[in-house]
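Enquirer: Pasting data_22.tsv below, which is TSV, C-alpha atoms.
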```
chain	number	residue	atom	x	y	z
U	8	MET	CA	38.25	1.16	-1.02
U	9	GLN	CA	37.10	1.37	-4.65
U	10	ASN	CA	33.84	-0.51	-4.24
U	11	ARG	CA	32.96	0.58	-0.74
U	12	PRO	CA	29.23	1.22	-0.73
U	13	LEU	CA	28.70	4.49	1.05
U	14	LEU	CA	25.78	5.44	3.10
U	15	ILE	CA	23.77	3.92	5.26
U	16	VAL	CA	25.19	1.05	3.44
U	17	ILE	CA	22.23	-1.09	3.31
U	18	ALA	CA	22.77	-1.12	6.83
U	19	CYS	CA	20.19	1.24	8.02
U	20	ALA	CA	18.05	0.95	4.94
U	21	LEU	CA	17.46	-2.61	5.98
U	22	MET	CA	16.58	-1.47	9.47
U	23	SER	CA	13.69	0.47	7.98
U	24	THR	CA	12.22	-2.74	6.58
U	25	GLY	CA	12.71	-4.87	9.66
U	26	MET	CA	15.73	-6.71	8.26
U	27	SER	CA	18.98	-7.07	10.16
U	28	CYS	CA	21.45	-4.20	10.11
U	29	THR	CA	25.14	-4.46	9.20
U	30	ARG	CA	27.84	-1.92	8.48
U	31	GLN	CA	30.21	-4.38	6.86
U	32	ARG	CA	31.82	-3.08	3.70
U	33	SER	CA	31.18	-5.18	0.63
U	34	SER	CA	31.51	-4.92	-3.14
U	35	ALA	CA	28.31	-6.92	-3.57
U	36	PRO	CA	25.26	-5.02	-4.83
U	37	PRO	CA	22.86	-3.98	-2.07
U	38	VAL	CA	19.86	-6.22	-1.53
U	39	PRO	CA	16.72	-4.42	-2.79
U	40	VAL	CA	14.18	-3.59	-0.12
U	41	SER	CA	10.42	-3.57	-0.26
U	42	PRO	CA	8.81	-0.18	-0.95
U	43	VAL	CA	7.36	1.66	2.02
U	44	ASP	CA	4.56	4.20	1.63
U	45	ASN	CA	5.91	7.71	2.19
U	46	GLY	CA	2.51	8.79	3.45
U	47	PRO	CA	0.70	11.97	2.42
U	48	VAL	CA	2.29	14.41	0.01
U	49	ALA	CA	5.09	16.13	1.91
U	50	ASN	CA	5.48	19.85	2.41
U	51	GLU	CA	7.79	22.04	4.43
U	52	SER	CA	5.36	22.19	7.35
U	53	ASP	CA	6.18	18.52	7.96
U	54	VAL	CA	9.82	19.34	8.77
U	55	PRO	CA	10.32	19.52	12.56
U	56	PRO	CA	12.01	22.63	13.98
U	57	PRO	CA	15.69	22.25	14.89
U	58	LYS	CA	16.79	21.48	18.42
U	59	PRO	CA	18.38	24.27	20.47
U	60	LEU	CA	22.13	24.46	19.99
U	61	PRO	CA	24.56	24.05	22.90
U	62	ALA	CA	25.40	27.14	24.91
U	63	GLY	CA	27.92	29.32	23.12
U	64	VAL	CA	27.16	27.95	19.63
U	65	GLU	CA	25.65	30.66	17.42
U	66	ASP	CA	23.61	29.74	14.35
U	67	THR	CA	25.34	32.15	11.96
U	68	GLY	CA	26.48	31.96	8.35
U	69	VAL	CA	23.31	30.19	7.18
U	70	PHE	CA	23.03	29.82	3.40
U	71	ASN	CA	20.68	28.18	0.91
U	72	VAL	CA	21.51	25.62	-1.77
U	73	ARG	CA	19.11	25.23	-4.68
U	74	LEU	CA	19.03	21.84	-6.41
U	75	GLU	CA	17.43	22.15	-9.85
U	76	THR	CA	16.26	18.59	-10.44
U	77	THR	CA	14.27	16.67	-13.00
U	78	LYS	CA	11.40	16.68	-10.50
U	79	GLY	CA	11.59	20.41	-9.74
U	80	ASP	CA	13.63	22.58	-7.41
U	81	ILE	CA	14.63	21.61	-3.88
U	82	VAL	CA	16.05	24.29	-1.58
U	83	ILE	CA	18.21	23.26	1.37
U	84	GLU	CA	18.90	25.71	4.19
U	85	VAL	CA	22.42	24.90	5.37
U	86	HIS	CA	23.47	25.69	8.95
U	87	PRO	CA	27.26	25.62	9.41
U	88	ALA	CA	26.80	25.70	13.20
U	89	TRP	CA	25.11	22.29	13.05
U	90	ALA	CA	27.98	20.53	11.26
U	91	PRO	CA	30.84	22.91	10.38
U	92	LEU	CA	32.99	20.49	8.39
U	93	GLY	CA	30.04	18.94	6.58
U	94	ALA	CA	28.52	22.31	5.69
U	95	ALA	CA	31.84	23.60	4.37
U	96	ARG	CA	32.36	20.49	2.23
U	97	PHE	CA	28.80	20.66	0.91
U	98	ARG	CA	29.31	24.30	-0.09
U	99	GLU	CA	32.64	23.46	-1.73
U	100	LEU	CA	31.07	20.66	-3.76
U	101	VAL	CA	28.17	22.86	-4.86
U	102	GLU	CA	30.42	25.76	-5.85
U	103	SER	CA	32.76	23.46	-7.79
U	104	GLY	CA	29.87	22.08	-9.87
U	105	PHE	CA	30.37	18.58	-8.50
U	106	TYR	CA	26.64	17.86	-8.24
U	107	LYS	CA	25.80	18.85	-11.83
U	108	ASP	CA	24.10	15.87	-13.55
U	109	CYS	CA	24.34	13.75	-10.40
U	110	ALA	CA	21.76	10.98	-10.16
U	111	PHE	CA	19.50	10.22	-7.23
U	112	PHE	CA	20.82	6.67	-7.33
U	113	ARG	CA	19.44	5.37	-4.03
U	114	VAL	CA	15.81	6.01	-3.16
U	115	VAL	CA	14.23	4.06	-0.31
U	116	PRO	CA	10.60	5.10	0.35
U	117	GLY	CA	9.99	5.79	4.00
U	118	PHE	CA	13.72	6.19	4.60
U	119	ILE	CA	15.99	8.36	2.40
U	120	VAL	CA	16.87	9.71	-1.05
U	121	GLN	CA	20.61	9.84	-1.76
U	122	TRP	CA	22.93	11.41	-4.33
U	123	GLY	CA	26.54	12.51	-4.66
U	124	MET	CA	28.46	10.35	-7.16
U	125	ASN	CA	29.75	12.50	-10.00
U	126	ALA	CA	28.69	11.87	-13.59
U	127	ASP	CA	32.37	11.63	-14.60
U	128	PRO	CA	34.44	8.90	-12.88
U	129	VAL	CA	37.60	10.99	-13.24
U	130	VAL	CA	36.04	13.88	-11.33
U	131	HIS	CA	34.54	11.58	-8.74
U	132	ALA	CA	37.92	9.93	-8.10
U	133	LYS	CA	39.41	13.29	-7.08
U	134	TRP	CA	36.93	13.62	-4.23
U	135	ALA	CA	35.70	10.18	-3.23
U	136	ASP	CA	38.44	9.32	-0.73
U	137	ASN	CA	38.93	12.87	0.56
U	138	ASN	CA	37.18	12.05	3.80
U	139	LEU	CA	36.09	14.36	6.60
U	140	VAL	CA	36.46	13.91	10.32
U	141	ASP	CA	33.01	13.47	11.87
U	142	ASP	CA	31.23	16.55	13.18
U	143	PRO	CA	29.52	16.31	16.56
U	144	VAL	CA	25.83	15.48	16.07
U	145	LEU	CA	23.83	18.52	17.18
U	146	GLN	CA	20.58	17.88	15.27
U	147	SER	CA	18.52	14.78	14.58
U	148	ASN	CA	17.82	13.00	11.30
U	149	GLN	CA	14.20	14.05	11.08
U	150	LYS	CA	11.99	14.26	8.01
U	151	GLY	CA	13.40	16.81	5.58
U	152	TYR	CA	16.83	17.07	7.24
U	153	VAL	CA	19.94	16.70	5.08
U	154	THR	CA	23.00	14.68	6.10
U	155	PHE	CA	26.21	13.30	4.62
U	156	ALA	CA	26.25	9.56	3.98
U	157	ASN	CA	29.08	7.55	5.42
U	158	GLY	CA	30.50	4.05	5.51
U	159	GLY	CA	31.83	4.25	9.06
U	160	ALA	CA	33.53	6.76	11.34
U	161	ASN	CA	35.29	9.69	9.63
U	162	SER	CA	34.32	8.59	6.11
U	163	ARG	CA	32.11	11.41	4.78
U	164	SER	CA	33.14	12.62	1.34
U	165	THR	CA	30.56	13.55	-1.34
U	166	GLN	CA	27.34	11.59	-0.82
U	167	VAL	CA	24.35	13.26	0.79
U	168	PHE	CA	20.80	12.21	1.63
U	169	ILE	CA	17.47	13.74	2.55
U	170	ASN	CA	15.57	11.96	5.29
U	171	TYR	CA	12.08	10.89	4.26
U	172	ALA	CA	11.03	10.15	7.84
U	173	ASP	CA	12.17	10.25	11.46
U	174	ASN	CA	15.51	8.44	11.17
U	175	SER	CA	16.84	9.48	14.55
U	176	ARG	CA	18.08	5.93	15.05
U	177	LEU	CA	20.96	6.85	12.73
U	178	GLU	CA	22.68	9.23	15.13
U	179	GLN	CA	21.66	7.08	18.08
U	180	ASN	CA	23.29	3.93	16.75
U	181	TYR	CA	26.07	5.02	14.38
U	182	PRO	CA	28.75	7.71	14.32
U	183	GLY	CA	28.92	10.57	11.87
U	184	PHE	CA	25.32	11.18	10.82
U	185	ALA	CA	25.30	14.89	11.64
U	186	PRO	CA	22.57	16.83	9.79
U	187	LEU	CA	23.91	19.98	8.11
U	188	GLY	CA	20.64	21.52	6.99
U	189	MET	CA	16.97	21.09	6.18
U	190	VAL	CA	14.70	21.34	3.15
U	191	VAL	CA	12.82	24.65	3.20
U	192	GLU	CA	11.32	24.51	-0.29
U	193	GLY	CA	10.39	21.67	-2.64
U	194	LEU	CA	10.05	18.82	-0.15
U	195	ASP	CA	7.23	17.54	-2.34
U	196	ASN	CA	9.70	17.37	-5.23
U	197	ALA	CA	12.15	15.41	-3.08
U	198	PHE	CA	9.38	12.92	-2.29
U	199	ALA	CA	8.49	12.64	-5.98
U	200	ILE	CA	11.95	11.40	-7.02
U	201	ASN	CA	11.63	8.11	-8.88
U	202	ASP	CA	12.00	5.13	-6.53
U	203	GLU	CA	11.47	2.27	-8.96
U	204	TYR	CA	15.09	1.10	-8.72
U	205	LEU	CA	15.35	1.35	-4.93
U	206	GLU	CA	18.97	0.35	-4.12
U	207	GLN	CA	19.78	-1.54	-7.32
U	208	PRO	CA	22.41	0.83	-8.81
U	209	ASP	CA	25.83	-0.53	-7.85
U	210	GLN	CA	28.12	2.11	-6.38
U	211	GLY	CA	31.27	0.37	-7.59
U	212	ARG	CA	30.02	0.56	-11.16
U	213	ILE	CA	28.90	4.18	-10.76
U	214	ARG	CA	32.40	4.97	-9.52
U	215	SER	CA	34.04	3.27	-12.51
U	216	ALA	CA	31.61	4.24	-15.29
U	217	GLY	CA	29.57	7.16	-13.98
U	218	ASN	CA	26.42	8.21	-15.78
U	219	ASP	CA	27.17	5.99	-18.77
U	220	TYR	CA	26.34	3.02	-16.55
U	221	LEU	CA	23.35	4.65	-14.87
U	222	LYS	CA	21.68	5.93	-18.02
U	223	SER	CA	22.09	2.56	-19.71
U	224	ALA	CA	20.97	0.32	-16.83
U	225	PHE	CA	18.52	2.65	-15.06
U	226	PRO	CA	17.07	4.98	-17.69
U	227	ASN	CA	14.32	6.43	-15.49
U	228	LEU	CA	16.49	7.81	-12.69
U	229	ASP	CA	16.01	11.43	-11.65
U	230	TYR	CA	18.96	13.83	-11.68
U	231	ILE	CA	20.25	17.13	-10.35
U	232	ASN	CA	20.59	19.37	-13.40
U	233	ARG	CA	22.35	22.09	-11.45
U	234	ALA	CA	23.19	22.97	-7.85
U	235	SER	CA	23.93	26.53	-6.74
U	236	ILE	CA	24.32	28.74	-3.71
U	237	GLU	CA	21.11	30.71	-3.80
U	238	LYS	CA	21.70	33.26	-1.09
U	239	THR	CA	23.46	33.81	2.18
U	240	ALA	CA	21.09	34.55	5.02
U	241	PRO	CA	22.00	37.52	7.23
U	242	SER	CA	23.28	36.74	10.69
U	243	PRO	CA	20.58	37.05	13.40
```
Please, can you express the file's structure as structure tokens?
Expert:
Amino acid sequence: MQNRPLLIVIACALMSTGMSCTRQRSSAPPVPVSPVDNGPVANESDVPPPKPLPAGVEDTGVFNVRLETTKGDIVIEVHPAWAPLGAARFRELVESGFYKDCAFFRVVPGFIVQWGMNADPVVHAKWADNNLVDDPVLQSNQKGYVTFANGGANSRSTQVFINYADNSRLEQNYPGFAPLGMVVEGLDNAFAINDEYLEQPDQGRIRSAGNDYLKSAFPNLDYINRASIEKTAPSP
């Protein structure tokens, strides 16, 4: 369990480059992928509207999370109706300060940007194996949508990613990739996050040494300086 690489393992990252896809768990470092052009500078108008929710599901309790990053602010509009367990965990992590000084340690142009391993290994250890049961997938992993990473069914814990493109193949081919929200401000900042290291940072070493490892081996990574609940939207 200690070295399990979470997310879209390289699994789906490799799909985005035409390489074979696997969800096998391994302690080996991910194979770097070739950069893909993200296209024109992104803005919130590029984010597709959400799909209608099933009958009887009301989109209430919406709240915003502001990520103050080294590339500028990113605001995520979180919809608990889309993924109730994921949204509640995300809020809990934000309110606990878990994402303070978290690195964007996996950045795959044309695919995703990922974060969610705490700067302090002791803090991370308290959360990393506290996994959630999968939410039903009610939205699609479109550009600008935000989703918990996972390493298989019912394995979401702390890692989150923003989709850089239409990654609907995730929910079509794998369990658990239920979007919980969407970027409503600062999508250009999300696209500007440094991608020079691609998938080189090793999650096992992040888990054991935290930011000491990252700052030494990957000095140009971007970080979340602070994450906060910005406001709670009124119910419609």
Enquirer: So how far away is atom CA of Gly104 of chain U from atom CA of Trp134 of chain U, in Å?
Expert: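 One can read the atom CA of Trp134 of chain U to atom CA of Gly104 of chain U distance as 12.4 Å.
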Enquirer: Restricting the calculation to only C-alpha atoms, which member of U:Pro59, U:Pro208, U:Pro87, U:Gly123 is positioned closest to Tyr106 of chain U?
Expert: U:Gly123
Enquirer: Please indicate the distance in Å from atom CA of Phe184 of chain U to atom CA of Glu84 of chain U, rounded to one decimal place.
Expert: 17.2 Å
Enquirer: Separation of atom CA of Phe112 of chain U and atom CA of Gly211 of chain U, in Å?
Expert: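 Computing it gives 12.2 Å between the two atoms.
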Enquirer: Take the point (13.1, 17.1, 11.3) as written in the file and pick out every residue within 8 Å of it, counting only C-alpha atoms; give the list as a list of chain:residue names.
Expert: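 Every polymer residue passing the test: U:Asp53, U:Val54, U:Pro55, U:Pro56, U:Pro57, U:Ser147, U:Asn148, U:Gln149, U:Lys150, U:Gly151, U:Tyr152, U:Asp173, U:Met189.
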Enquirer: Return the single residue from U:Thr67, U:Asn218, U:Asn170, U:Ser162 that is closest to Val129 of chain U, with distances computed using all atoms listed in the file.
Expert: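 That would be U:Asn218, the residue with the smallest distance to Val129 of chain U.
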Enquirer: Restricting the calculation to all atoms listed in the file: of U:Gln207, U:Asp141, U:Ser52, U:Leu74, which residue gets closest to Arg113 of chain U?
Expert: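 Looking at the shortest contact to Arg113 of chain U, the residue is U:Gln207.
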Enquirer: With all atoms listed in the file as the basis for distance, which of U:Val140, U:Ala216, U:Ala49, U:Val64 is at the shortest distance from Val191 of chain U?
Expert: U:Ala49
Enquirer: Using only C-alpha atoms, which residues sit within 8 Å of Ile236 of chain U once same-chain residues fewer than 2 positions away are excluded, as a PyMOL selection string?
Expert: chain U and resi 70-73+98+101-102+234+238-239
Enquirer: Report as a PyMOL selection string all protein, DNA and RNA residues lying within 6 Å of Val120 of chain U, evaluated on only C-alpha atoms, omitting residues in the same chain fewer than 3 positions from it.
Expert: chain U and resi 113-114+168-169
Enquirer: Write to file, as a PDB file, in the coordinates of the input, the residues of the selection just made, with C-alpha atoms.
Expert:
```
ATOM      1  CA  ARG U 113      19.440   5.370  -4.030  1.00  0.00           C
ATOM      2  CA  VAL U 114      15.810   6.010  -3.160  1.00  0.00           C
ATOM      3  CA  PHE U 168      20.800  12.210   1.630  1.00  0.00           C
ATOM      4  CA  ILE U 169      17.470  13.740   2.550  1.00  0.00           C
TER       5      ILE U 169
END
```
Enquirer: Using all atoms of segment 194-205 of chain U listed in the file and a margin of 5 Å per side, can you give the axis-aligned box centre and edge lengths in Å to one decimal, as JSON?
Expert:
```
{"center_x": 11.3, "center_y": 10.0, "center_z": -4.6, "size_x": 18.1, "size_y": 27.7, "size_z": 18.8}
```
Enquirer: Quick one: of U:Gly159, U:Gly93, U:Gly63, U:Gly117, who's nearest to Asn174 of chain U, counting only C-alpha atoms?
Expert: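 Of the candidates, the smallest distance to Asn174 of chain U is held by U:Gly117.
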Enquirer: Taking into account only C-alpha atoms, which residue in the set U:Gln146, U:Asn196, U:Gln166, U:Ser215 is nearest to Trp89 of chain U?
Expert: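 Using only C-alpha atoms, Trp89 of chain U sits closest to U:Gln146.
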Enquirer: Select all residues near (34.9, 11.5, -4.9) (cut-off 8 Å, inclusive, file coordinates), counting only C-alpha atoms, and output them as a ChimeraX atom specification.
Expert: /U:124-125,130-137,164-165
